[in-house]
file protein.cif (mmCIF, C-alpha atoms)
data_coords
#
loop_
_atom_site.group_PDB
_atom_site.id
_atom_site.type_symbol
_atom_site.label_atom_id
_atom_site.label_comp_id
_atom_site.auth_asym_id
_atom_site.auth_seq_id
_atom_site.Cartn_x
_atom_site.Cartn_y
_atom_site.Cartn_z
ATOM 1 C CA MET H 164 21.472 -6.032 6.168
ATOM 2 C CA ARG H 165 18.145 -4.704 7.433
ATOM 3 C CA LYS H 166 16.716 -1.186 7.506
ATOM 4 C CA ASN H 167 13.339 -0.206 8.952
ATOM 5 C CA ILE H 168 11.412 2.608 7.243
ATOM 6 C CA SER H 169 8.983 4.569 9.422
ATOM 7 C CA SER H 170 6.060 6.729 8.345
ATOM 8 C CA GLY H 171 6.053 8.462 11.712
ATOM 9 C CA SER H 172 2.744 6.907 12.714
ATOM 10 C CA ALA H 173 2.308 6.400 16.451
ATOM 11 C CA TRP H 174 0.815 2.978 15.649
ATOM 12 C CA GLU H 175 4.185 1.661 14.502
ATOM 13 C CA ALA H 176 5.662 1.806 18.007
ATOM 14 C CA LYS H 177 2.397 0.784 19.722
ATOM 15 C CA ILE H 178 1.883 -2.317 17.601
ATOM 16 C CA GLY H 179 5.521 -3.090 16.808
ATOM 17 C CA TYR H 180 5.803 -2.808 13.030
ATOM 18 C CA SER H 181 7.477 -0.701 10.335
ATOM 19 C CA ARG H 182 5.865 0.941 7.317
ATOM 20 C CA ALA H 183 8.495 -0.913 5.302
ATOM 21 C CA VAL H 184 11.559 -3.067 5.820
ATOM 22 C CA VAL H 185 14.537 -3.252 3.476
ATOM 23 C CA ALA H 186 16.375 -6.581 3.699
ATOM 24 C CA ASN H 187 18.747 -8.342 1.306
ATOM 25 C CA GLY H 188 17.984 -5.906 -1.511
ATOM 26 C CA LEU H 189 14.197 -6.202 -1.184
ATOM 27 C CA VAL H 190 11.645 -3.689 0.101
ATOM 28 C CA PHE H 191 8.619 -5.084 1.938
ATOM 29 C CA VAL H 192 5.908 -2.430 2.336
ATOM 30 C CA SER H 193 3.308 -3.210 4.995
ATOM 31 C CA PRO H 194 -0.348 -3.170 3.981
ATOM 32 C CA THR H 195 -1.155 0.518 3.648
ATOM 33 C CA ALA H 196 -4.485 2.322 4.028
ATOM 34 C CA ALA H 197 -5.601 5.689 2.641
ATOM 35 C CA THR H 198 -4.763 7.605 5.789
ATOM 36 C CA GLY H 199 -4.330 11.331 5.261
ATOM 37 C CA PRO H 200 -1.835 13.581 7.062
ATOM 38 C CA ASP H 201 -4.495 14.269 9.712
ATOM 39 C CA GLY H 202 -4.678 10.551 10.521
ATOM 40 C CA LYS H 203 -8.183 10.220 9.071
ATOM 41 C CA ILE H 204 -9.207 8.012 6.166
ATOM 42 C CA ALA H 205 -9.305 9.922 2.877
ATOM 43 C CA GLY H 206 -11.513 9.061 -0.086
ATOM 44 C CA LYS H 207 -14.383 7.884 2.089
ATOM 45 C CA GLY H 208 -16.640 5.477 0.238
ATOM 46 C CA ASP H 209 -14.453 5.539 -2.905
ATOM 47 C CA VAL H 210 -12.277 2.495 -3.630
ATOM 48 C CA PHE H 211 -10.599 4.144 -6.632
ATOM 49 C CA ALA H 212 -9.647 7.270 -4.653
ATOM 50 C CA GLN H 213 -8.390 5.252 -1.688
ATOM 51 C CA THR H 214 -6.303 2.954 -3.889
ATOM 52 C CA LYS H 215 -4.780 5.884 -5.771
ATOM 53 C CA LEU H 216 -3.868 7.692 -2.534
ATOM 54 C CA ILE H 217 -2.368 4.501 -1.120
ATOM 55 C CA LEU H 218 -0.191 3.984 -4.189
ATOM 56 C CA GLN H 219 0.980 7.606 -3.996
ATOM 57 C CA LYS H 220 1.927 7.038 -0.341
ATOM 58 C CA VAL H 221 3.694 3.803 -1.262
ATOM 59 C CA GLY H 222 5.735 5.715 -3.846
ATOM 60 C CA GLU H 223 7.081 7.933 -1.062
ATOM 61 C CA VAL H 224 7.923 4.888 1.045
ATOM 62 C CA LEU H 225 9.704 3.258 -1.889
ATOM 63 C CA ALA H 226 11.748 6.429 -2.439
ATOM 64 C CA ASP H 227 12.686 6.497 1.266
ATOM 65 C CA ALA H 228 13.881 2.906 0.843
ATOM 66 C CA GLY H 229 15.969 3.760 -2.236
ATOM 67 C CA SER H 230 13.524 2.134 -4.644
ATOM 68 C CA SER H 231 10.758 3.193 -7.056
ATOM 69 C CA TYR H 232 7.576 2.019 -8.761
ATOM 70 C CA GLU H 233 9.701 0.540 -11.579
ATOM 71 C CA ASN H 234 11.234 -1.873 -9.063
ATOM 72 C CA VAL H 235 7.931 -3.256 -7.770
ATOM 73 C CA VAL H 236 7.677 -7.008 -8.344
ATOM 74 C CA GLN H 237 4.478 -7.820 -6.435
ATOM 75 C CA THR H 238 1.343 -5.940 -5.417
ATOM 76 C CA LYS H 239 -1.420 -7.297 -3.192
ATOM 77 C CA ILE H 240 -4.730 -5.450 -2.981
ATOM 78 C CA TYR H 241 -7.072 -6.247 -0.092
ATOM 79 C CA LEU H 242 -10.728 -5.200 -0.526
ATOM 80 C CA THR H 243 -13.653 -5.329 1.886
ATOM 81 C CA ASP H 244 -16.072 -5.388 -1.085
ATOM 82 C CA ILE H 245 -14.748 -7.600 -3.874
ATOM 83 C CA SER H 246 -17.416 -6.273 -6.259
ATOM 84 C CA LYS H 247 -15.329 -3.058 -6.360
ATOM 85 C CA TRP H 248 -12.195 -4.843 -7.624
ATOM 86 C CA GLN H 249 -12.290 -3.073 -10.995
ATOM 87 C CA GLU H 250 -12.064 0.339 -9.282
ATOM 88 C CA ALA H 251 -8.948 -0.761 -7.404
ATOM 89 C CA ALA H 252 -7.528 -2.362 -10.552
ATOM 90 C CA LYS H 253 -8.054 0.868 -12.518
ATOM 91 C CA ALA H 254 -6.073 2.858 -9.937
ATOM 92 C CA ASN H 255 -3.390 0.152 -9.882
ATOM 93 C CA ALA H 256 -3.068 0.357 -13.672
ATOM 94 C CA GLU H 257 -2.370 4.102 -13.468
ATOM 95 C CA PHE H 258 0.872 3.250 -11.661
ATOM 96 C CA PHE H 259 1.780 -0.174 -13.023
ATOM 97 C CA ALA H 260 0.334 -0.621 -16.546
ATOM 98 C CA ASP H 261 3.805 -0.599 -18.107
ATOM 99 C CA ILE H 262 5.649 -2.197 -15.172
ATOM 100 C CA ARG H 263 3.228 -5.098 -14.696
ATOM 101 C CA PRO H 264 4.277 -6.628 -11.361
ATOM 102 C CA ALA H 265 2.682 -9.809 -10.074
ATOM 103 C CA LEU H 266 -0.750 -8.954 -8.631
ATOM 104 C CA GLY H 267 -3.182 -10.519 -6.204
ATOM 105 C CA ILE H 268 -6.610 -9.102 -5.354
ATOM 106 C CA PHE H 269 -8.142 -10.469 -2.165
ATOM 107 C CA HIS H 270 -11.519 -10.180 -0.451
ATOM 108 C CA VAL H 271 -11.167 -9.572 3.285
ATOM 109 C CA LYS H 272 -13.424 -8.904 6.240
ATOM 110 C CA PRO H 273 -13.712 -5.274 7.340
ATOM 111 C CA PHE H 274 -10.548 -3.607 8.602
ATOM 112 C CA VAL H 275 -10.257 -2.172 12.133
ATOM 113 C CA ASP H 276 -11.651 1.119 10.790
ATOM 114 C CA PRO H 277 -14.797 0.498 8.704
ATOM 115 C CA GLU H 278 -13.975 3.535 6.518
ATOM 116 C CA ILE H 279 -10.953 1.635 5.165
ATOM 117 C CA LEU H 280 -12.168 -0.029 1.973
ATOM 118 C CA VAL H 281 -8.799 -1.126 0.606
ATOM 119 C CA GLU H 282 -5.209 -1.742 1.683
ATOM 120 C CA VAL H 283 -2.228 -2.381 -0.571
ATOM 121 C CA GLU H 284 0.934 -4.375 0.178
ATOM 122 C CA ILE H 285 4.034 -4.141 -2.028
ATOM 123 C CA ILE H 286 7.313 -5.974 -2.571
ATOM 124 C CA ALA H 287 10.041 -4.262 -4.596
ATOM 125 C CA PHE H 288 13.790 -4.456 -5.047
ATOM 126 C CA VAL H 289 16.289 -1.683 -4.377
#
call {"tool": "encode", "arguments": {"input": "protein.cif", "output": "C-alpha cells"}}
result
Amino acid sequence: MRKNISSGSAWEAKIGYSRAVVANGLVFVSPTAATGPDGKIAGKGDVFAQTKLILQKVGEVLADAGSSYENVVQTKIYLTDISKWQEAAKANAEFFADIRPALGIFHVKPFVDPEILVEVEIIAFV
C-alpha cells in the first residue's frame, strides 16, 4: 500500500514529487528545507535555526503519515558548508538524543536557492 503526503507546495505538482511517501509501513520524507509559511527561507545564515525549523516541519509530516519522531530510523543532513556540521548536529540532538536513529551528514554543492544552508531527509516507520 502507498500513500502520498503533500505539504501543499506548488512545487510538488510542478516537479512531480511528494513531501513524503508511506509504503509498506515506512515513511520516506523528502529532503526538506527551512521554508516558512510565506515560501521564503527562514533562519537566513543560521544552520542551527534552519535545521531546527526543518525538524519541526518534519514532525508535522510524520504526524500526517501516522508516525512520530520516536519512529525515525534514519536521518540524513545535507550541508552546503560542512564546517557548520556541529550546528546542524546540535539541532538534530534536540530531537533525537534519546531516539538515536542512524545518521549521515553530507557536504553538498549549493542548493537551488543559495539561502538554503541545510536540508534534512528522514526515514521512519508507522
call {"tool": "resolve_selection", "arguments": {"input": "protein.cif", "expression": "the PyMOL selection byres ((chain H and resi 280) around 8)", "output": "PyMOL selection string"}}
result
chain H and resi 208-210+213+242-244+273-274+277-279+281-282
call {"tool": "closest_residue", "arguments": {"input": "protein.cif", "among": "H:Val275, H:Leu225, H:Ile262, H:Gly179", "to": "Ile204 (chain H)", "atoms": "only C-alpha atoms"}}
result
H:Val275
call {"tool": "atom_distance", "arguments": {"input": "protein.cif", "atom1": "CA of Ala252 (chain H)", "atom2": "CA of Glu223 (chain H)"}}
result
20.2 Å
call {"tool": "residues_around", "arguments": {"input": "protein.cif", "residues": "region 263-266 of chain H", "least_positions_apart": "4", "cutoff": "10 Å", "atoms": "all atoms listed in the file", "output": "JSON, numbers by chain"}}
result
{"H": [232, 233, 234, 235, 236, 237, 238, 239, 240, 252, 255, 256, 258, 259, 285, 286, 287]}
call {"tool": "closest_residue", "arguments": {"input": "protein.cif", "among": "H:Ala254, H:Val271, H:Val190, H:Val289", "to": "Gln219 (chain H)", "atoms": "only C-alpha atoms"}}
result
H:Ala254
call {"tool": "closest_residue", "arguments": {"input": "protein.cif", "among": "H:Lys177, H:Ala251, H:Arg182, H:Gly267", "to": "Val224 (chain H)", "atoms": "only C-alpha atoms"}}
result
H:Arg182
call {"tool": "build_atoms", "arguments": {"input": "protein.cif", "residues": "region 221-235 of chain H", "atoms": "N, CA and C atoms", "output": "mmCIF file, in the coordinates of the input"}}
result
data_model
loop_
_atom_site.group_PDB
_atom_site.id
_atom_site.type_symbol
_atom_site.label_atom_id
_atom_site.label_comp_id
_atom_site.auth_asym_id
_atom_site.auth_seq_id
_atom_site.Cartn_x
_atom_site.Cartn_y
_atom_site.Cartn_z
ATOM 1 N N VAL H 221 2.713 4.878 -1.089
ATOM 2 C CA VAL H 221 3.694 3.803 -1.262
ATOM 3 C C VAL H 221 4.888 4.295 -2.080
ATOM 4 N N GLY H 222 4.641 5.148 -3.058
ATOM 5 C CA GLY H 222 5.735 5.715 -3.846
ATOM 6 C C GLY H 222 6.727 6.473 -2.978
ATOM 7 N N GLU H 223 6.213 7.208 -1.994
ATOM 8 C CA GLU H 223 7.081 7.933 -1.062
ATOM 9 C C GLU H 223 7.889 6.961 -0.206
ATOM 10 N N VAL H 224 7.237 5.903 0.238
ATOM 11 C CA VAL H 224 7.923 4.888 1.045
ATOM 12 C C VAL H 224 9.018 4.214 0.221
ATOM 13 N N LEU H 225 8.703 3.876 -1.020
ATOM 14 C CA LEU H 225 9.704 3.258 -1.889
ATOM 15 C C LEU H 225 10.909 4.182 -2.074
ATOM 16 N N ALA H 226 10.652 5.467 -2.281
ATOM 17 C CA ALA H 226 11.748 6.429 -2.439
ATOM 18 C C ALA H 226 12.600 6.486 -1.173
ATOM 19 N N ASP H 227 11.948 6.495 -0.007
ATOM 20 C CA ASP H 227 12.686 6.497 1.266
ATOM 21 C C ASP H 227 13.567 5.256 1.399
ATOM 22 N N ALA H 228 13.138 4.167 0.773
ATOM 23 C CA ALA H 228 13.881 2.906 0.843
ATOM 24 C C ALA H 228 14.933 2.789 -0.261
ATOM 25 N N GLY H 229 15.013 3.809 -1.133
ATOM 26 C CA GLY H 229 15.969 3.760 -2.236
ATOM 27 C C GLY H 229 15.456 2.991 -3.432
ATOM 28 N N SER H 230 14.137 2.891 -3.561
ATOM 29 C CA SER H 230 13.524 2.134 -4.644
ATOM 30 C C SER H 230 12.545 3.038 -5.399
ATOM 31 N N SER H 231 11.727 2.434 -6.259
ATOM 32 C CA SER H 231 10.758 3.193 -7.056
ATOM 33 C C SER H 231 9.670 2.247 -7.564
ATOM 34 N N TYR H 232 8.647 2.838 -8.179
ATOM 35 C CA TYR H 232 7.576 2.019 -8.761
ATOM 36 C C TYR H 232 8.133 1.010 -9.763
ATOM 37 N N GLU H 233 9.135 1.414 -10.541
ATOM 38 C CA GLU H 233 9.701 0.540 -11.579
ATOM 39 C C GLU H 233 10.299 -0.735 -11.001
ATOM 40 N N ASN H 234 10.617 -0.714 -9.708
ATOM 41 C CA ASN H 234 11.234 -1.873 -9.063
ATOM 42 C C ASN H 234 10.230 -2.769 -8.340
ATOM 43 N N VAL H 235 8.957 -2.449 -8.436
ATOM 44 C CA VAL H 235 7.931 -3.256 -7.770
ATOM 45 C C VAL H 235 7.773 -4.580 -8.515
#
